[in-house]
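What follows is the content of model-v8.pdb, which has PDB, C-alpha atoms:
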ATOM      1  CA  MET A1192       1.483  -7.959 -29.207  1.00  0.00           C
ATOM      2  CA  SER A1193      -1.943  -8.252 -27.711  1.00  0.00           C
ATOM      3  CA  LEU A1194      -3.011  -6.881 -24.373  1.00  0.00           C
ATOM      4  CA  ASN A1195      -3.381 -10.304 -22.780  1.00  0.00           C
ATOM      5  CA  LEU A1196       0.206 -11.238 -23.628  1.00  0.00           C
ATOM      6  CA  TYR A1197       1.416  -7.902 -22.284  1.00  0.00           C
ATOM      7  CA  PHE A1198      -0.391  -8.522 -19.009  1.00  0.00           C
ATOM      8  CA  ASP A1199       0.951 -12.066 -18.777  1.00  0.00           C
ATOM      9  CA  TYR A1200       4.585 -11.204 -19.439  1.00  0.00           C
ATOM     10  CA  VAL A1201       4.992  -7.697 -17.995  1.00  0.00           C
ATOM     11  CA  ILE A1202       2.349  -6.619 -15.481  1.00  0.00           C
ATOM     12  CA  PHE A1203       1.934  -9.826 -13.496  1.00  0.00           C
ATOM     13  CA  PRO A1204       5.713 -10.441 -13.110  1.00  0.00           C
ATOM     14  CA  ILE A1205       6.167  -6.873 -11.846  1.00  0.00           C
ATOM     15  CA  LEU A1206       3.386  -7.341  -9.280  1.00  0.00           C
ATOM     16  CA  THR A1207       4.762 -10.730  -8.250  1.00  0.00           C
ATOM     17  CA  LEU A1208       8.219  -9.243  -7.738  1.00  0.00           C
ATOM     18  CA  SER A1209       6.679  -6.502  -5.591  1.00  0.00           C
ATOM     19  CA  VAL A1210       4.931  -9.066  -3.390  1.00  0.00           C
ATOM     20  CA  ILE A1211       8.179 -11.030  -3.010  1.00  0.00           C
ATOM     21  CA  LEU A1212      10.126  -7.910  -1.958  1.00  0.00           C
ATOM     22  CA  SER A1213       7.441  -7.025   0.580  1.00  0.00           C
ATOM     23  CA  PHE A1214       7.573 -10.568   1.953  1.00  0.00           C
ATOM     24  CA  ILE A1215      11.326 -10.179   2.473  1.00  0.00           C
ATOM     25  CA  ARG A1216      10.600  -7.109   4.608  1.00  0.00           C
ATOM     26  CA  LEU A1217       7.827  -9.002   6.399  1.00  0.00           C
ATOM     27  CA  TYR A1218      10.328 -11.744   7.227  1.00  0.00           C
ATOM     28  CA  LYS A1219      13.236  -9.496   8.231  1.00  0.00           C
ATOM     29  CA  GLY A1220      11.425  -6.563   9.833  1.00  0.00           C
ATOM     30  CA  PRO A1221      13.306  -5.541  13.004  1.00  0.00           C
ATOM     31  CA  ASP A1222      10.130  -4.392  14.731  1.00  0.00           C
ATOM     32  CA  VAL A1223       6.472  -5.349  14.790  1.00  0.00           C
ATOM     33  CA  ALA A1224       5.427  -2.063  13.174  1.00  0.00           C
ATOM     34  CA  ASP A1225       7.613  -2.833  10.141  1.00  0.00           C
ATOM     35  CA  ARG A1226       5.798  -6.117   9.733  1.00  0.00           C
ATOM     36  CA  VAL A1227       2.445  -4.361  10.029  1.00  0.00           C
ATOM     37  CA  ILE A1228       3.222  -1.934   7.210  1.00  0.00           C
ATOM     38  CA  ALA A1229       4.649  -4.771   5.100  1.00  0.00           C
ATOM     39  CA  LEU A1230       1.381  -6.669   5.566  1.00  0.00           C
ATOM     40  CA  ASP A1231      -0.592  -3.539   4.675  1.00  0.00           C
ATOM     41  CA  LEU A1232       1.483  -3.143   1.515  1.00  0.00           C
ATOM     42  CA  ILE A1233       0.915  -6.799   0.581  1.00  0.00           C
ATOM     43  CA  ILE A1234      -2.857  -6.430   0.865  1.00  0.00           C
ATOM     44  CA  THR A1235      -2.711  -3.196  -1.157  1.00  0.00           C
ATOM     45  CA  ILE A1236      -0.741  -4.994  -3.882  1.00  0.00           C
ATOM     46  CA  GLY A1237      -3.438  -7.676  -3.696  1.00  0.00           C
ATOM     47  CA  ILE A1238      -6.000  -5.074  -4.757  1.00  0.00           C
ATOM     48  CA  GLY A1239      -3.811  -4.279  -7.751  1.00  0.00           C
ATOM     49  CA  VAL A1240      -3.446  -7.969  -8.625  1.00  0.00           C
ATOM     50  CA  VAL A1241      -7.212  -8.429  -8.482  1.00  0.00           C
ATOM     51  CA  ALA A1242      -7.742  -5.405 -10.756  1.00  0.00           C
ATOM     52  CA  ALA A1243      -5.131  -6.647 -13.227  1.00  0.00           C
ATOM     53  CA  TYR A1244      -6.637 -10.136 -13.264  1.00  0.00           C
ATOM     54  CA  SER A1245     -10.053  -8.608 -13.815  1.00  0.00           C
ATOM     55  CA  ILE A1246      -8.703  -6.805 -16.890  1.00  0.00           C
ATOM     56  CA  ARG A1247      -6.913  -9.947 -18.078  1.00  0.00           C
ATOM     57  CA  SER A1248      -9.888 -12.292 -17.737  1.00  0.00           C
ATOM     58  CA  GLY A1249     -12.527  -9.802 -18.849  1.00  0.00           C
ATOM     59  CA  GLN A1250     -14.836 -10.354 -15.892  1.00  0.00           C
ATOM     60  CA  ALA A1251     -15.845  -7.321 -13.873  1.00  0.00           C
ATOM     61  CA  LEU A1252     -17.074  -9.276 -10.860  1.00  0.00           C
ATOM     62  CA  PHE A1253     -13.585  -9.562  -9.393  1.00  0.00           C
ATOM     63  CA  LEU A1254     -13.553  -5.850  -8.565  1.00  0.00           C
ATOM     64  CA  GLU A1255     -15.880  -6.470  -5.626  1.00  0.00           C
ATOM     65  CA  ALA A1256     -13.106  -8.565  -4.083  1.00  0.00           C
ATOM     66  CA  ALA A1257     -10.857  -5.518  -4.519  1.00  0.00           C
ATOM     67  CA  MET A1258     -13.316  -3.424  -2.500  1.00  0.00           C
ATOM     68  CA  ILE A1259     -13.381  -6.040   0.275  1.00  0.00           C
ATOM     69  CA  PHE A1260      -9.562  -6.114   0.304  1.00  0.00           C
ATOM     70  CA  ALA A1261      -9.421  -2.340   0.781  1.00  0.00           C
ATOM     71  CA  LEU A1262     -11.777  -2.602   3.757  1.00  0.00           C
ATOM     72  CA  ILE A1263      -9.879  -5.488   5.358  1.00  0.00           C
ATOM     73  CA  ALA A1264      -6.514  -3.720   4.971  1.00  0.00           C
ATOM     74  CA  PHE A1265      -7.803  -0.662   6.817  1.00  0.00           C
ATOM     75  CA  LEU A1266      -9.357  -2.701   9.635  1.00  0.00           C
ATOM     76  CA  GLY A1267      -6.249  -4.848  10.044  1.00  0.00           C
ATOM     77  CA  THR A1268      -3.864  -1.922  10.313  1.00  0.00           C
ATOM     78  CA  ILE A1269      -6.120  -0.071  12.763  1.00  0.00           C
ATOM     79  CA  ALA A1270      -6.491  -3.169  14.945  1.00  0.00           C
ATOM     80  CA  PHE A1271      -2.743  -3.883  14.945  1.00  0.00           C
ATOM     81  CA  SER A1272      -1.814  -0.321  15.894  1.00  0.00           C
ATOM     82  CA  PHE A1273      -4.483  -0.259  18.617  1.00  0.00           C
ATOM     83  CA  TYR A1274      -3.227  -3.447  20.233  1.00  0.00           C
ATOM     84  CA  LEU A1275       0.420  -2.423  19.867  1.00  0.00           C
ATOM     85  CA  SER A1276      -0.222   0.856  21.692  1.00  0.00           C
ATOM     86  CA  LYS A1277      -2.260  -0.934  24.359  1.00  0.00           C
ATOM     87  CA  GLY A1278       0.364  -3.587  24.939  1.00  0.00           C
ATOM     88  CA  LYS A1279       3.194  -1.083  25.329  1.00  0.00           C
ATOM     89  CA  LYS A1280       1.617   0.823  28.187  1.00  0.00           C
ATOM     90  CA  GLN A1281       1.447  -2.069  30.603  1.00  0.00           C
TER      91      GLN A1281
ATOM     92  CA  MET B 436      -5.354   2.675 -29.647  1.00  0.00           C
ATOM     93  CA  MET B 437      -7.399   1.783 -26.600  1.00  0.00           C
ATOM     94  CA  ASP B 438      -5.080  -1.148 -25.886  1.00  0.00           C
ATOM     95  CA  ILE B 439      -2.037   1.107 -25.921  1.00  0.00           C
ATOM     96  CA  PHE B 440      -3.696   3.522 -23.512  1.00  0.00           C
ATOM     97  CA  ILE B 441      -4.631   0.706 -21.117  1.00  0.00           C
ATOM     98  CA  ALA B 442      -1.126  -0.769 -21.370  1.00  0.00           C
ATOM     99  CA  VAL B 443       0.457   2.593 -20.516  1.00  0.00           C
ATOM    100  CA  LEU B 444      -1.856   3.126 -17.529  1.00  0.00           C
ATOM    101  CA  SER B 445      -1.307  -0.341 -16.097  1.00  0.00           C
ATOM    102  CA  THR B 446       2.454  -0.047 -16.612  1.00  0.00           C
ATOM    103  CA  ILE B 447       2.482   3.219 -14.653  1.00  0.00           C
ATOM    104  CA  GLY B 448       0.503   1.552 -11.847  1.00  0.00           C
ATOM    105  CA  ALA B 449       2.647  -1.563 -11.712  1.00  0.00           C
ATOM    106  CA  LEU B 450       5.866   0.470 -11.698  1.00  0.00           C
ATOM    107  CA  ALA B 451       4.586   2.655  -8.849  1.00  0.00           C
ATOM    108  CA  ILE B 452       3.795  -0.489  -6.840  1.00  0.00           C
ATOM    109  CA  LEU B 453       7.251  -1.883  -7.649  1.00  0.00           C
ATOM    110  CA  PHE B 454       8.920   1.331  -6.450  1.00  0.00           C
ATOM    111  CA  ALA B 455       6.887   1.164  -3.238  1.00  0.00           C
ATOM    112  CA  SER B 456       8.063  -2.359  -2.506  1.00  0.00           C
ATOM    113  CA  ILE B 457      11.686  -1.537  -3.385  1.00  0.00           C
ATOM    114  CA  GLY B 458      11.372   1.391  -0.987  1.00  0.00           C
ATOM    115  CA  ILE B 459      10.013  -0.753   1.816  1.00  0.00           C
ATOM    116  CA  LEU B 460      12.961  -3.073   1.382  1.00  0.00           C
ATOM    117  CA  ARG B 461      15.742  -0.509   1.013  1.00  0.00           C
ATOM    118  CA  MET B 462      14.839   2.421   3.274  1.00  0.00           C
ATOM    119  CA  PRO B 463      16.854   2.561   6.503  1.00  0.00           C
ATOM    120  CA  ASP B 464      14.124   3.534   8.932  1.00  0.00           C
ATOM    121  CA  PHE B 465      10.573   2.685   9.940  1.00  0.00           C
ATOM    122  CA  TYR B 466       9.282   6.210   9.278  1.00  0.00           C
ATOM    123  CA  LEU B 467      10.949   6.478   5.869  1.00  0.00           C
ATOM    124  CA  ARG B 468       9.534   3.073   4.912  1.00  0.00           C
ATOM    125  CA  LEU B 469       6.056   4.183   5.928  1.00  0.00           C
ATOM    126  CA  SER B 470       6.407   7.467   4.081  1.00  0.00           C
ATOM    127  CA  VAL B 471       7.519   5.866   0.835  1.00  0.00           C
ATOM    128  CA  THR B 472       5.095   2.960   0.942  1.00  0.00           C
ATOM    129  CA  VAL B 473       1.674   4.456   1.519  1.00  0.00           C
ATOM    130  CA  LYS B 474       1.775   7.185  -1.131  1.00  0.00           C
ATOM    131  CA  ALA B 475       3.322   5.170  -3.948  1.00  0.00           C
ATOM    132  CA  ALA B 476       1.198   2.062  -3.386  1.00  0.00           C
ATOM    133  CA  THR B 477      -2.012   4.094  -3.209  1.00  0.00           C
ATOM    134  CA  MET B 478      -1.189   5.839  -6.463  1.00  0.00           C
ATOM    135  CA  GLY B 479      -0.282   2.596  -8.213  1.00  0.00           C
ATOM    136  CA  VAL B 480      -3.396   0.748  -7.150  1.00  0.00           C
ATOM    137  CA  GLY B 481      -5.565   3.739  -8.044  1.00  0.00           C
ATOM    138  CA  VAL B 482      -4.140   3.885 -11.564  1.00  0.00           C
ATOM    139  CA  LEU B 483      -4.569   0.120 -12.033  1.00  0.00           C
ATOM    140  CA  VAL B 484      -8.200   0.263 -10.942  1.00  0.00           C
ATOM    141  CA  ILE B 485      -8.839   3.257 -13.248  1.00  0.00           C
ATOM    142  CA  ALA B 486      -7.393   1.143 -16.071  1.00  0.00           C
ATOM    143  CA  ALA B 487      -9.929  -1.568 -15.208  1.00  0.00           C
ATOM    144  CA  ALA B 488     -12.723   1.016 -15.378  1.00  0.00           C
ATOM    145  CA  ILE B 489     -11.557   2.159 -18.820  1.00  0.00           C
ATOM    146  CA  VAL B 490     -11.431  -1.443 -20.072  1.00  0.00           C
ATOM    147  CA  PHE B 491     -15.033  -2.244 -19.190  1.00  0.00           C
ATOM    148  CA  LEU B 492     -16.693   1.175 -19.796  1.00  0.00           C
ATOM    149  CA  ASP B 493     -19.753   0.262 -17.768  1.00  0.00           C
ATOM    150  CA  ALA B 494     -21.678   2.334 -15.243  1.00  0.00           C
ATOM    151  CA  GLU B 495     -21.692  -0.397 -12.601  1.00  0.00           C
ATOM    152  CA  VAL B 496     -17.961  -1.056 -12.889  1.00  0.00           C
ATOM    153  CA  THR B 497     -17.203   2.652 -12.847  1.00  0.00           C
ATOM    154  CA  ALA B 498     -19.245   3.099  -9.671  1.00  0.00           C
ATOM    155  CA  LYS B 499     -17.344   0.242  -8.005  1.00  0.00           C
ATOM    156  CA  VAL B 500     -14.024   1.703  -9.104  1.00  0.00           C
ATOM    157  CA  ILE B 501     -14.904   5.158  -7.798  1.00  0.00           C
ATOM    158  CA  ALA B 502     -15.992   3.639  -4.473  1.00  0.00           C
ATOM    159  CA  THR B 503     -12.743   1.665  -4.220  1.00  0.00           C
ATOM    160  CA  ILE B 504     -10.573   4.707  -4.960  1.00  0.00           C
ATOM    161  CA  LEU B 505     -12.498   6.913  -2.520  1.00  0.00           C
ATOM    162  CA  PHE B 506     -12.202   4.296   0.194  1.00  0.00           C
ATOM    163  CA  LEU B 507      -8.495   3.859  -0.471  1.00  0.00           C
ATOM    164  CA  LEU B 508      -7.833   7.607  -0.422  1.00  0.00           C
ATOM    165  CA  LEU B 509      -9.827   8.011   2.788  1.00  0.00           C
ATOM    166  CA  THR B 510      -8.356   5.122   4.745  1.00  0.00           C
ATOM    167  CA  ALA B 511      -4.682   5.022   3.700  1.00  0.00           C
ATOM    168  CA  PRO B 512      -3.659   8.298   5.457  1.00  0.00           C
ATOM    169  CA  VAL B 513      -5.641   7.396   8.575  1.00  0.00           C
ATOM    170  CA  SER B 514      -4.034   3.989   8.977  1.00  0.00           C
ATOM    171  CA  ALA B 515      -0.575   5.396   8.181  1.00  0.00           C
ATOM    172  CA  HIS B 516      -1.009   8.068  10.813  1.00  0.00           C
ATOM    173  CA  MET B 517      -2.195   5.533  13.383  1.00  0.00           C
ATOM    174  CA  ILE B 518       0.712   3.164  12.861  1.00  0.00           C
ATOM    175  CA  ALA B 519       3.258   6.009  12.775  1.00  0.00           C
ATOM    176  CA  ARG B 520       1.904   7.380  16.057  1.00  0.00           C
ATOM    177  CA  THR B 521       2.062   3.916  17.624  1.00  0.00           C
ATOM    178  CA  GLY B 522       5.622   3.479  16.387  1.00  0.00           C
ATOM    179  CA  TYR B 523       6.737   6.820  17.768  1.00  0.00           C
ATOM    180  CA  ARG B 524       5.119   6.193  21.116  1.00  0.00           C
ATOM    181  CA  SER B 525       6.694   2.758  21.431  1.00  0.00           C
ATOM    182  CA  GLU B 526      10.090   4.393  20.762  1.00  0.00           C
ATOM    183  CA  ILE B 527      11.186   2.845  17.517  1.00  0.00           C
ATOM    184  CA  PRO B 528      14.635   4.356  16.823  1.00  0.00           C
ATOM    185  CA  ILE B 529      14.961   7.110  14.233  1.00  0.00           C
ATOM    186  CA  TRP B 530      17.593   6.951  11.510  1.00  0.00           C
ATOM    187  CA  LYS B 531      20.845   8.635  12.523  1.00  0.00           C
ATOM    188  CA  ASP B 532      20.786  11.204   9.710  1.00  0.00           C
ATOM    189  CA  THR B 533      17.247  12.438  10.358  1.00  0.00           C
ATOM    190  CA  TRP B 534      17.784  15.853  11.907  1.00  0.00           C
ATOM    191  CA  ILE B 535      14.219  17.175  12.228  1.00  0.00           C
ATOM    192  CA  ASP B 536      12.155  15.621  15.022  1.00  0.00           C
ATOM    193  CA  ASP B 537       9.241  17.904  15.842  1.00  0.00           C
ATOM    194  CA  LEU B 538       7.839  15.572  18.492  1.00  0.00           C
ATOM    195  CA  HIS B 539      11.052  15.534  20.518  1.00  0.00           C
ATOM    196  CA  GLY B 540      10.105  15.883  24.159  1.00  0.00           C
ATOM    197  CA  LYS B 541       6.344  15.865  23.567  1.00  0.00           C
ATOM    198  CA  TYR B 542       5.668  12.256  24.542  1.00  0.00           C
ATOM    199  CA  LYS B 543       8.503  11.320  26.884  1.00  0.00           C
ATOM    200  CA  LYS B 544       8.706  13.301  30.094  1.00  0.00           C
ATOM    201  CA  ASP B 545      12.408  12.880  30.836  1.00  0.00           C
ATOM    202  CA  GLU B 546      13.748  14.724  27.804  1.00  0.00           C
ATOM    203  CA  GLY B 547      13.094  18.286  26.642  1.00  0.00           C
ATOM    204  CA  GLU B 548      10.848  20.709  28.448  1.00  0.00           C
ATOM    205  CA  SER B 549       7.308  19.235  28.102  1.00  0.00           C
TER     206      SER B 549
END
Reformat the file's structure so that it appears as structure tokens.
Amino acid sequence: MSLNLYFDYVIFPILTLSVILSFIRLYKGPDVADRVIALDLIITIGIGVVAAYSIRSGQALFLEAAMIFALIAFLGTIAFSFYLSKGKKQ
Amino acid sequence: MMDIFIAVLSTIGALAILFASIGILRMPDFYLRLSVTVKAATMGVGVLVIAAAIVFLDAEVTAKVIATILFLLLTAPVSAHMIARTGYRSEIPIWKDTWIDDLHGKYKKDEGES
């Protein structure tokens, strides 16, 4: 069993299932903060998907997209928490 | 041999990410969800990216991987702390069986001594 088949039939389904479970929380989430952490988790899983696809396809250029994803996840969570705390005071 | 090592590493990473997403779905409380999500997802993604570095064995790729992991380890606790503080200040209810609340009476004036 080669590594590409293992990635196709084991790693990518596990990551896809994780994204689906996080989307259920993003849909249900009783509060806005729950949705924010679900979105943060989805972007973090996106970094993992990019790394796994980079291994699968043998091209190292995709890892730069992983770096950009890490940056965007941090900025998004900080911005959401800032505006949530600002909106609650008024 | 190398393939088996990479397969084991990526399986560990993918399972950690899966446990994080099961935790975010099943935990009863906002704070427990946050606590289970950030640590497990950071570990899983870090292990997956290390697996990518071992696959390519290149100086450029290794530098990118080290930068990604450092950035992830620096920013994940900061963002988790920010969103937890916002959630506590906007009075998201705590689970009924949580019996330690060290911030009780520190933010709201009408309860506790503060």
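Taking all atoms listed in the file into account, chain A lies nearest to B:Gly522 out of the set B:Gly522, B:Pro512, B:Pro528, B:Gly540.
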Compile a residue-level contact table for chain A against chain B at a cut-off of 6 Å, reporting for every qualifying residue the shortest atom pair and its distance in Å to one decimal, with all atoms listed in the file counted, rows ordered by chain and ascending number, as a tab-separated table.
residue	atom	partner	partner_atom	distance
A:Ser1209	CA	B:Leu453	CA	5.1
A:Leu1212	CA	B:Ser456	CA	5.9
A:Ser1213	CA	B:Ser456	CA	5.6
A:Arg1216	CA	B:Leu460	CA	5.7
A:Gly1239	CA	B:Val480	CA	5.1
A:Ala1242	CA	B:Val484	CA	5.7
A:Ile1246	CA	B:Ala487	CA	5.6
A:Met1258	CA	B:Thr503	CA	5.4
A:Ile1269	CA	B:Ser514	CA	5.9
A:Ser1272	CA	B:Ile518	CA	5.3
A:Ser1276	CA	B:Thr521	CA	5.6
Could you please take those selected residues and save C-alpha atoms as a compact mmCIF listing (two decimals), keeping the file's coordinate frame?
# COMPACT_ATOMS: atom_id res chain seq x y z
CA SER A 1209 6.68 -6.50 -5.59
CA LEU A 1212 10.13 -7.91 -1.96
CA SER A 1213 7.44 -7.02 0.58
CA ARG A 1216 10.60 -7.11 4.61
CA GLY A 1239 -3.81 -4.28 -7.75
CA ALA A 1242 -7.74 -5.40 -10.76
CA ILE A 1246 -8.70 -6.80 -16.89
CA MET A 1258 -13.32 -3.42 -2.50
CA ILE A 1269 -6.12 -0.07 12.76
CA SER A 1272 -1.81 -0.32 15.89
CA SER A 1276 -0.22 0.86 21.69
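Across the structure, CA of Met436 (chain B) and CA of Gly1249 (chain A) are spaced 18.0 Å apart.
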### Task
Please indicate the distance in Å from CA of Val1241 (chain A) to CA of Glu1255 (chain A), rounded to one decimal place.
9.3 Å
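Counting all atoms listed in the file and comparing A:Ile1238, A:Ala1229, A:Phe1271, A:Ser1248, the residue that lies closest to Leu1196 (chain A) is A:Ser1248.
Taking CA of Ala1257 (chain A) and CA of Leu1194 (chain A) as the two end points, the separation is 21.4 Å.
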